[in-house]
>>> print(open('entry-v7.tsv').read())   # TSV, N, CA and C atoms
chain	number	residue	atom	x	y	z
A	1	MET	N	-106.54	33.77	-72.03
A	1	MET	CA	-105.68	32.59	-71.99
A	1	MET	C	-104.73	32.63	-73.18
A	2	ALA	N	-103.58	32.00	-73.00
A	2	ALA	CA	-102.56	31.98	-74.04
A	2	ALA	C	-103.03	31.17	-75.24
A	3	ASN	N	-102.73	31.69	-76.44
A	3	ASN	CA	-103.16	31.02	-77.66
A	3	ASN	C	-102.01	30.34	-78.38
A	4	THR	N	-100.85	30.96	-78.40
A	4	THR	CA	-99.74	30.38	-79.14
A	4	THR	C	-99.00	29.35	-78.30
A	5	LYS	N	-98.23	28.53	-78.99
A	5	LYS	CA	-97.46	27.49	-78.32
A	5	LYS	C	-96.44	28.12	-77.38
A	6	GLN	N	-95.80	29.19	-77.83
A	6	GLN	CA	-94.80	29.87	-77.03
A	6	GLN	C	-95.42	30.49	-75.77
A	7	ALA	N	-96.59	31.09	-75.93
A	7	ALA	CA	-97.26	31.72	-74.79
A	7	ALA	C	-97.68	30.67	-73.76
A	8	LYS	N	-98.11	29.50	-74.25
A	8	LYS	CA	-98.50	28.43	-73.33
A	8	LYS	C	-97.28	27.93	-72.54
A	9	LYS	N	-96.15	27.84	-73.22
A	9	LYS	CA	-94.92	27.42	-72.54
A	9	LYS	C	-94.52	28.45	-71.49
A	10	ARG	N	-94.63	29.72	-71.83
A	10	ARG	CA	-94.27	30.78	-70.88
A	10	ARG	C	-95.17	30.75	-69.63
A	11	VAL	N	-96.43	30.39	-69.83
A	11	VAL	CA	-97.35	30.27	-68.70
A	11	VAL	C	-96.88	29.14	-67.78
A	12	ARG	N	-96.49	28.00	-68.39
A	12	ARG	CA	-95.99	26.88	-67.59
A	12	ARG	C	-94.72	27.26	-66.84
A	13	GLN	N	-93.81	27.95	-67.53
A	13	GLN	CA	-92.55	28.35	-66.91
A	13	GLN	C	-92.79	29.35	-65.78
A	14	ALA	N	-93.69	30.29	-66.00
A	14	ALA	CA	-93.97	31.30	-64.99
A	14	ALA	C	-94.51	30.66	-63.72
A	15	GLU	N	-95.38	29.67	-63.87
A	15	GLU	CA	-95.94	28.99	-62.70
A	15	GLU	C	-94.86	28.21	-61.96
A	16	LYS	N	-93.99	27.56	-62.71
A	16	LYS	CA	-92.90	26.80	-62.10
A	16	LYS	C	-91.97	27.73	-61.33
A	17	HIS	N	-91.63	28.87	-61.92
A	17	HIS	CA	-90.76	29.85	-61.26
A	17	HIS	C	-91.45	30.44	-60.03
A	18	ARG	N	-92.76	30.71	-60.13
A	18	ARG	CA	-93.49	31.27	-59.01
A	18	ARG	C	-93.45	30.33	-57.81
A	19	GLN	N	-93.66	29.04	-58.05
A	19	GLN	CA	-93.63	28.06	-56.97
A	19	GLN	C	-92.24	27.95	-56.35
A	20	HIS	N	-91.22	27.97	-57.18
A	20	HIS	CA	-89.85	27.88	-56.69
A	20	HIS	C	-89.50	29.11	-55.84
A	21	ASN	N	-89.88	30.29	-56.35
A	21	ASN	CA	-89.59	31.53	-55.62
A	21	ASN	C	-90.34	31.56	-54.29
A	22	ALA	N	-91.57	31.06	-54.27
A	22	ALA	CA	-92.35	31.02	-53.04
A	22	ALA	C	-91.67	30.12	-52.02
A	23	SER	N	-91.12	29.01	-52.48
A	23	SER	CA	-90.40	28.10	-51.60
A	23	SER	C	-89.15	28.76	-51.03
A	24	MET	N	-88.43	29.48	-51.86
A	24	MET	CA	-87.22	30.18	-51.42
A	24	MET	C	-87.56	31.27	-50.40
A	25	ARG	N	-88.63	32.00	-50.66
A	25	ARG	CA	-89.07	33.06	-49.74
A	25	ARG	C	-89.46	32.47	-48.39
A	26	SER	N	-90.14	31.33	-48.43
A	26	SER	CA	-90.55	30.66	-47.20
A	26	SER	C	-89.34	30.22	-46.39
A	27	MET	N	-88.33	29.68	-47.06
A	27	MET	CA	-87.11	29.26	-46.39
A	27	MET	C	-86.42	30.46	-45.73
A	28	LEU	N	-86.38	31.57	-46.45
A	28	LEU	CA	-85.77	32.79	-45.92
A	28	LEU	C	-86.48	33.23	-44.65
A	29	ARG	N	-87.80	33.26	-44.69
A	29	ARG	CA	-88.59	33.68	-43.52
A	29	ARG	C	-88.37	32.75	-42.34
A	30	THR	N	-88.22	31.47	-42.62
A	30	THR	CA	-87.99	30.49	-41.56
A	30	THR	C	-86.67	30.77	-40.84
A	31	TYR	N	-85.61	31.05	-41.60
A	31	TYR	CA	-84.31	31.35	-41.01
A	31	TYR	C	-84.38	32.62	-40.16
A	32	ILE	N	-85.10	33.63	-40.66
A	32	ILE	CA	-85.23	34.89	-39.92
A	32	ILE	C	-86.01	34.64	-38.63
A	33	LYS	N	-87.05	33.82	-38.70
A	33	LYS	CA	-87.86	33.52	-37.52
A	33	LYS	C	-87.05	32.74	-36.48
A	34	LYS	N	-86.14	31.88	-36.93
A	34	LYS	CA	-85.30	31.13	-36.00
A	34	LYS	C	-84.44	32.08	-35.18
A	35	VAL	N	-83.87	33.09	-35.84
A	35	VAL	CA	-83.05	34.07	-35.14
A	35	VAL	C	-83.91	34.86	-34.17
A	36	ALA	N	-85.07	35.30	-34.63
A	36	ALA	CA	-85.98	36.08	-33.78
A	36	ALA	C	-86.42	35.27	-32.56
A	37	ALA	N	-86.69	33.99	-32.75
A	37	ALA	CA	-87.10	33.14	-31.64
A	37	ALA	C	-85.97	32.98	-30.62
A	38	ALA	N	-84.75	32.83	-31.11
A	38	ALA	CA	-83.60	32.70	-30.22
A	38	ALA	C	-83.38	33.99	-29.43
A	39	ILE	N	-83.61	35.12	-30.08
A	39	ILE	CA	-83.45	36.42	-29.41
A	39	ILE	C	-84.51	36.56	-28.32
A	40	SER	N	-85.75	36.23	-28.65
A	40	SER	CA	-86.83	36.38	-27.67
A	40	SER	C	-86.70	35.40	-26.51
A	41	SER	N	-86.08	34.23	-26.75
A	41	SER	CA	-85.87	33.26	-25.67
A	41	SER	C	-84.75	33.70	-24.74
A	42	GLY	N	-83.89	34.60	-25.23
A	42	GLY	CA	-82.81	35.12	-24.39
A	42	GLY	C	-81.54	34.30	-24.44
A	43	ASP	N	-81.49	33.30	-25.28
A	43	ASP	CA	-80.29	32.46	-25.39
A	43	ASP	C	-79.33	33.09	-26.40
A	44	GLN	N	-78.30	33.71	-25.87
A	44	GLN	CA	-77.38	34.48	-26.72
A	44	GLN	C	-76.59	33.59	-27.68
A	45	GLN	N	-76.13	32.45	-27.20
A	45	GLN	CA	-75.32	31.56	-28.04
A	45	GLN	C	-76.13	31.02	-29.21
A	46	VAL	N	-77.36	30.61	-28.95
A	46	VAL	CA	-78.23	30.09	-30.02
A	46	VAL	C	-78.57	31.21	-31.00
A	47	ALA	N	-78.79	32.41	-30.47
A	47	ALA	CA	-79.11	33.55	-31.34
A	47	ALA	C	-77.95	33.85	-32.27
A	48	LEU	N	-76.73	33.82	-31.73
A	48	LEU	CA	-75.54	34.09	-32.55
A	48	LEU	C	-75.36	33.02	-33.62
A	49	THR	N	-75.55	31.77	-33.25
A	49	THR	CA	-75.44	30.66	-34.21
A	49	THR	C	-76.50	30.78	-35.30
A	50	SER	N	-77.72	31.08	-34.89
A	50	SER	CA	-78.82	31.23	-35.85
A	50	SER	C	-78.55	32.38	-36.82
A	51	LEU	N	-78.01	33.46	-36.29
A	51	LEU	CA	-77.69	34.61	-37.14
A	51	LEU	C	-76.61	34.25	-38.16
A	52	GLN	N	-75.61	33.50	-37.72
A	52	GLN	CA	-74.54	33.09	-38.64
A	52	GLN	C	-75.06	32.14	-39.71
A	53	GLU	N	-76.08	31.36	-39.39
A	53	GLU	CA	-76.68	30.48	-40.40
A	53	GLU	C	-77.58	31.26	-41.34
A	54	ALA	N	-78.26	32.28	-40.83
A	54	ALA	CA	-79.23	33.02	-41.63
A	54	ALA	C	-78.57	34.00	-42.60
A	55	THR	N	-77.44	34.56	-42.21
A	55	THR	CA	-76.80	35.60	-43.04
A	55	THR	C	-76.49	35.13	-44.46
A	56	PRO	N	-75.84	33.98	-44.66
A	56	PRO	CA	-75.60	33.56	-46.05
A	56	PRO	C	-76.88	33.24	-46.82
A	57	VAL	N	-77.90	32.77	-46.12
A	57	VAL	CA	-79.17	32.47	-46.78
A	57	VAL	C	-79.79	33.77	-47.29
A	58	ILE	N	-79.76	34.81	-46.46
A	58	ILE	CA	-80.29	36.11	-46.86
A	58	ILE	C	-79.54	36.63	-48.08
A	59	ASP	N	-78.21	36.53	-48.05
A	59	ASP	CA	-77.40	37.00	-49.18
A	59	ASP	C	-77.69	36.20	-50.45
A	60	ARG	N	-77.91	34.91	-50.30
A	60	ARG	CA	-78.20	34.06	-51.46
A	60	ARG	C	-79.52	34.45	-52.11
A	61	MET	N	-80.50	34.81	-51.29
A	61	MET	CA	-81.80	35.22	-51.84
A	61	MET	C	-81.68	36.52	-52.64
A	62	VAL	N	-80.77	37.39	-52.24
A	62	VAL	CA	-80.53	38.62	-53.02
A	62	VAL	C	-79.95	38.25	-54.37
A	63	ASN	N	-78.97	37.36	-54.37
A	63	ASN	CA	-78.31	36.97	-55.62
A	63	ASN	C	-79.28	36.27	-56.57
A	64	LYS	N	-80.26	35.58	-56.03
A	64	LYS	CA	-81.26	34.89	-56.86
A	64	LYS	C	-82.40	35.82	-57.28
A	65	GLY	N	-82.41	37.03	-56.71
A	65	GLY	CA	-83.44	37.99	-57.08
A	65	GLY	C	-84.75	37.78	-56.34
A	66	ILE	N	-84.72	37.05	-55.24
A	66	ILE	CA	-85.95	36.79	-54.49
A	66	ILE	C	-86.33	38.03	-53.68
A	67	ILE	N	-85.33	38.68	-53.08
A	67	ILE	CA	-85.57	39.92	-52.34
A	67	ILE	C	-84.58	40.99	-52.79
A	68	HIS	N	-84.90	42.23	-52.48
A	68	HIS	CA	-84.04	43.36	-52.84
A	68	HIS	C	-82.87	43.44	-51.88
A	69	LYS	N	-81.75	43.95	-52.35
A	69	LYS	CA	-80.54	44.00	-51.52
A	69	LYS	C	-80.73	44.88	-50.29
A	70	ASN	N	-81.53	45.93	-50.40
A	70	ASN	CA	-81.75	46.80	-49.24
A	70	ASN	C	-82.59	46.10	-48.18
A	71	LYS	N	-83.53	45.28	-48.60
A	71	LYS	CA	-84.33	44.52	-47.65
A	71	LYS	C	-83.43	43.53	-46.91
A	72	ALA	N	-82.52	42.90	-47.63
A	72	ALA	CA	-81.59	41.96	-47.01
A	72	ALA	C	-80.70	42.69	-46.01
A	73	ALA	N	-80.20	43.84	-46.39
A	73	ALA	CA	-79.34	44.62	-45.49
A	73	ALA	C	-80.10	45.03	-44.25
A	74	ARG	N	-81.36	45.40	-44.41
A	74	ARG	CA	-82.19	45.81	-43.28
A	74	ARG	C	-82.40	44.65	-42.30
A	75	HIS	N	-82.71	43.46	-42.83
A	75	HIS	CA	-82.90	42.29	-41.98
A	75	HIS	C	-81.62	41.96	-41.22
A	76	LYS	N	-80.50	41.90	-41.94
A	76	LYS	CA	-79.24	41.54	-41.31
A	76	LYS	C	-78.86	42.57	-40.25
A	77	SER	N	-79.05	43.83	-40.56
A	77	SER	CA	-78.69	44.90	-39.62
A	77	SER	C	-79.52	44.81	-38.35
A	78	ARG	N	-80.81	44.65	-38.48
A	78	ARG	CA	-81.69	44.62	-37.31
A	78	ARG	C	-81.44	43.39	-36.44
A	79	LEU	N	-81.27	42.25	-37.09
A	79	LEU	CA	-81.02	41.03	-36.33
A	79	LEU	C	-79.68	41.11	-35.60
A	80	THR	N	-78.67	41.63	-36.29
A	80	THR	CA	-77.35	41.78	-35.67
A	80	THR	C	-77.42	42.74	-34.49
A	81	ALA	N	-78.16	43.82	-34.63
A	81	ALA	CA	-78.30	44.79	-33.55
A	81	ALA	C	-78.97	44.15	-32.33
A	82	HIS	N	-79.98	43.32	-32.55
A	82	HIS	CA	-80.65	42.65	-31.44
A	82	HIS	C	-79.71	41.69	-30.72
A	83	VAL	N	-78.92	40.94	-31.50
A	83	VAL	CA	-77.99	39.99	-30.90
A	83	VAL	C	-76.91	40.74	-30.11
A	84	LYS	N	-76.43	41.85	-30.66
A	84	LYS	CA	-75.43	42.67	-29.95
A	84	LYS	C	-75.99	43.21	-28.65
A	85	LYS	N	-77.25	43.64	-28.69
A	85	LYS	CA	-77.90	44.17	-27.50
A	85	LYS	C	-77.98	43.10	-26.42
A	86	MET	N	-78.23	41.86	-26.84
A	86	MET	CA	-78.26	40.75	-25.89
A	86	MET	C	-76.90	40.59	-25.22
A	87	ALA	N	-75.85	40.70	-26.01
A	87	ALA	CA	-74.49	40.54	-25.48
A	87	ALA	C	-74.17	41.64	-24.48
A	88	GLU	N	-74.59	42.86	-24.79
A	88	GLU	CA	-74.35	43.98	-23.88
A	88	GLU	C	-75.10	43.79	-22.57
A	89	LYS	N	-76.33	43.30	-22.65
A	89	LYS	CA	-77.12	43.05	-21.43
A	89	LYS	C	-76.46	41.97	-20.58
A	90	ALA	N	-75.94	40.94	-21.25
A	90	ALA	CA	-75.28	39.86	-20.53
A	90	ALA	C	-74.02	40.36	-19.83
A	91	GLU	N	-73.29	41.26	-20.49
A	91	GLU	CA	-72.07	41.82	-19.88
A	91	GLU	C	-72.40	42.68	-18.67
A	92	THR	N	-73.44	43.48	-18.78
A	92	THR	CA	-73.79	44.34	-17.65
A	92	THR	C	-74.28	43.52	-16.46
A	93	LYS	N	-74.99	42.43	-16.72
A	93	LYS	CA	-75.43	41.55	-15.64
A	93	LYS	C	-74.23	40.85	-14.99
A	94	ALA	N	-73.27	40.46	-15.80
A	94	ALA	CA	-72.10	39.76	-15.29
A	94	ALA	C	-71.21	40.69	-14.46
A	95	SER	N	-71.12	41.94	-14.88
A	95	SER	CA	-70.26	42.89	-14.16
A	95	SER	C	-70.92	43.42	-12.89
A	96	SER	N	-72.24	43.30	-12.79
A	96	SER	CA	-72.97	43.80	-11.61
A	96	SER	C	-72.77	42.95	-10.39
>>> encode(input="entry-v7.tsv", output="structure tokens")
Amino acid sequence: MANTKQAKKRVRQAEKHRQHNASMRSMLRTYIKKVAAAISSGDQQVALTSLQEATPVIDRMVNKGIIHKNKAARHKSRLTAHVKKMAEKAETKASS
């Protein structure tokens, strides 16, 4: 356990930061799940809207240091690819 006054303060600060970061991570996961749910439901318009809402949140988490920039790029890339695939499927059904 911390003995000095400074060390005790750092323990308090670390716990406060940990809780805040956990909240931010949870929010990020929620936005990603909203996009995934819209994709799995097959509603292209909702999926596109959800993706547009999630993208700035993902970028903000990178700037805050919550996640790594490559992880953010991976999430955005995969979600965008799924939404694009939905659009292509809708076009092929419409043209058939």
>>> closest_residue(input="entry-v7.tsv", among="A:Tyr31, A:Glu15, A:Arg25, A:Glu91", to="His68 in chain A", atoms="only C-alpha atoms")
A:Arg25
>>> residues_around(input="entry-v7.tsv", residues="range 51-65 of chain A", least_positions_apart="6", cutoff="6.5 Å", atoms="all atoms listed in the file", output="PDB file with N, CA and C atoms, in the coordinates of the input")
ATOM      1  N   LEU A  28     -86.380  31.570 -46.450  1.00  0.00           N
ATOM      2  CA  LEU A  28     -85.770  32.790 -45.920  1.00  0.00           C
ATOM      3  C   LEU A  28     -86.480  33.230 -44.650  1.00  0.00           C
ATOM      4  N   TYR A  31     -85.610  31.050 -41.600  1.00  0.00           N
ATOM      5  CA  TYR A  31     -84.310  31.350 -41.010  1.00  0.00           C
ATOM      6  C   TYR A  31     -84.380  32.620 -40.160  1.00  0.00           C
ATOM      7  N   ILE A  32     -85.100  33.630 -40.660  1.00  0.00           N
ATOM      8  CA  ILE A  32     -85.230  34.890 -39.920  1.00  0.00           C
ATOM      9  C   ILE A  32     -86.010  34.640 -38.630  1.00  0.00           C
ATOM     10  N   VAL A  35     -83.870  33.090 -35.840  1.00  0.00           N
ATOM     11  CA  VAL A  35     -83.050  34.070 -35.140  1.00  0.00           C
ATOM     12  C   VAL A  35     -83.910  34.860 -34.170  1.00  0.00           C
ATOM     13  N   ALA A  72     -82.520  42.900 -47.630  1.00  0.00           N
ATOM     14  CA  ALA A  72     -81.590  41.960 -47.010  1.00  0.00           C
ATOM     15  C   ALA A  72     -80.700  42.690 -46.010  1.00  0.00           C
TER      16      ALA A  72
END
>>> closest_residue(input="entry-v7.tsv", among="A:Thr4, A:Lys34, A:Lys16, A:Ala90", to="Ala47 in chain A", atoms="only N, CA and C atoms")
A:Lys34
>>> axis_aligned_box(input="entry-v7.tsv", around="range 63-77 of chain A", padding_each_side="4 Å", output="JSON")
{"center_x": -82.3, "center_y": 40.8, "center_z": -47.8, "size_x": 16.0, "size_y": 19.9, "size_z": 26.9}
>>> atom_distance(input="entry-v7.tsv", atom1="atom C of Arg74 in chain A", atom2="CA of Ile39 in chain A")
15.3 Å
>>> atom_distance(input="entry-v7.tsv", atom1="CA of Ala36 in chain A", atom2="CA of Ser23 in chain A")
20.0 Å
>>> atom_distance(input="entry-v7.tsv", atom1="CA of Ala14 in chain A", atom2="atom C of Lys33 in chain A")
29.4 Å
>>> build_atoms(input="entry-v7.tsv", residues="range 40-60 of chain A", atoms="N, CA, C and O atoms", output="short mmCIF file (atom, residue, chain, number, x, y, z; two decimals), in the frame of the given file")
data_model
loop_
_atom_site.label_atom_id
_atom_site.label_comp_id
_atom_site.auth_asym_id
_atom_site.auth_seq_id
_atom_site.Cartn_x
_atom_site.Cartn_y
_atom_site.Cartn_z
N SER A 40 -85.75 36.23 -28.65
CA SER A 40 -86.83 36.38 -27.67
C SER A 40 -86.70 35.40 -26.51
O SER A 40 -87.14 35.69 -25.40
N SER A 41 -86.08 34.23 -26.75
CA SER A 41 -85.87 33.26 -25.67
C SER A 41 -84.75 33.70 -24.74
O SER A 41 -84.66 33.23 -23.61
N GLY A 42 -83.89 34.60 -25.23
CA GLY A 42 -82.81 35.12 -24.39
C GLY A 42 -81.54 34.30 -24.44
O GLY A 42 -80.60 34.59 -23.71
N ASP A 43 -81.49 33.30 -25.28
CA ASP A 43 -80.29 32.46 -25.39
C ASP A 43 -79.33 33.09 -26.40
O ASP A 43 -79.52 32.99 -27.60
N GLN A 44 -78.30 33.71 -25.87
CA GLN A 44 -77.38 34.48 -26.72
C GLN A 44 -76.59 33.59 -27.68
O GLN A 44 -76.43 33.93 -28.85
N GLN A 45 -76.13 32.45 -27.20
CA GLN A 45 -75.32 31.56 -28.04
C GLN A 45 -76.13 31.02 -29.21
O GLN A 45 -75.65 30.98 -30.34
N VAL A 46 -77.36 30.61 -28.95
CA VAL A 46 -78.23 30.09 -30.02
C VAL A 46 -78.57 31.21 -31.00
O VAL A 46 -78.59 30.99 -32.21
N ALA A 47 -78.79 32.41 -30.47
CA ALA A 47 -79.11 33.55 -31.34
C ALA A 47 -77.95 33.85 -32.27
O ALA A 47 -78.14 34.10 -33.47
N LEU A 48 -76.73 33.82 -31.73
CA LEU A 48 -75.54 34.09 -32.55
C LEU A 48 -75.36 33.02 -33.62
O LEU A 48 -75.10 33.33 -34.79
N THR A 49 -75.55 31.77 -33.25
CA THR A 49 -75.44 30.66 -34.21
C THR A 49 -76.50 30.78 -35.30
O THR A 49 -76.20 30.60 -36.49
N SER A 50 -77.72 31.08 -34.89
CA SER A 50 -78.82 31.23 -35.85
C SER A 50 -78.55 32.38 -36.82
O SER A 50 -78.82 32.27 -38.02
N LEU A 51 -78.01 33.46 -36.29
CA LEU A 51 -77.69 34.61 -37.14
C LEU A 51 -76.61 34.25 -38.16
O LEU A 51 -76.71 34.62 -39.33
N GLN A 52 -75.61 33.50 -37.72
CA GLN A 52 -74.54 33.09 -38.64
C GLN A 52 -75.06 32.14 -39.71
O GLN A 52 -74.55 32.13 -40.83
N GLU A 53 -76.08 31.36 -39.39
CA GLU A 53 -76.68 30.48 -40.40
C GLU A 53 -77.58 31.26 -41.34
O GLU A 53 -77.67 30.96 -42.53
N ALA A 54 -78.26 32.28 -40.83
CA ALA A 54 -79.23 33.02 -41.63
C ALA A 54 -78.57 34.00 -42.60
O ALA A 54 -79.10 34.23 -43.70
N THR A 55 -77.44 34.56 -42.21
CA THR A 55 -76.80 35.60 -43.04
C THR A 55 -76.49 35.13 -44.46
O THR A 55 -76.86 35.82 -45.42
N PRO A 56 -75.84 33.98 -44.66
CA PRO A 56 -75.60 33.56 -46.05
C PRO A 56 -76.88 33.24 -46.82
O PRO A 56 -76.93 33.43 -48.04
N VAL A 57 -77.90 32.77 -46.12
CA VAL A 57 -79.17 32.47 -46.78
C VAL A 57 -79.79 33.77 -47.29
O VAL A 57 -80.29 33.84 -48.43
N ILE A 58 -79.76 34.81 -46.46
CA ILE A 58 -80.29 36.11 -46.86
C ILE A 58 -79.54 36.63 -48.08
O ILE A 58 -80.14 37.10 -49.05
N ASP A 59 -78.21 36.53 -48.05
CA ASP A 59 -77.40 37.00 -49.18
C ASP A 59 -77.69 36.20 -50.45
O ASP A 59 -77.74 36.76 -51.54
N ARG A 60 -77.91 34.91 -50.30
CA ARG A 60 -78.20 34.06 -51.46
C ARG A 60 -79.52 34.45 -52.11
O ARG A 60 -79.65 34.45 -53.33
#
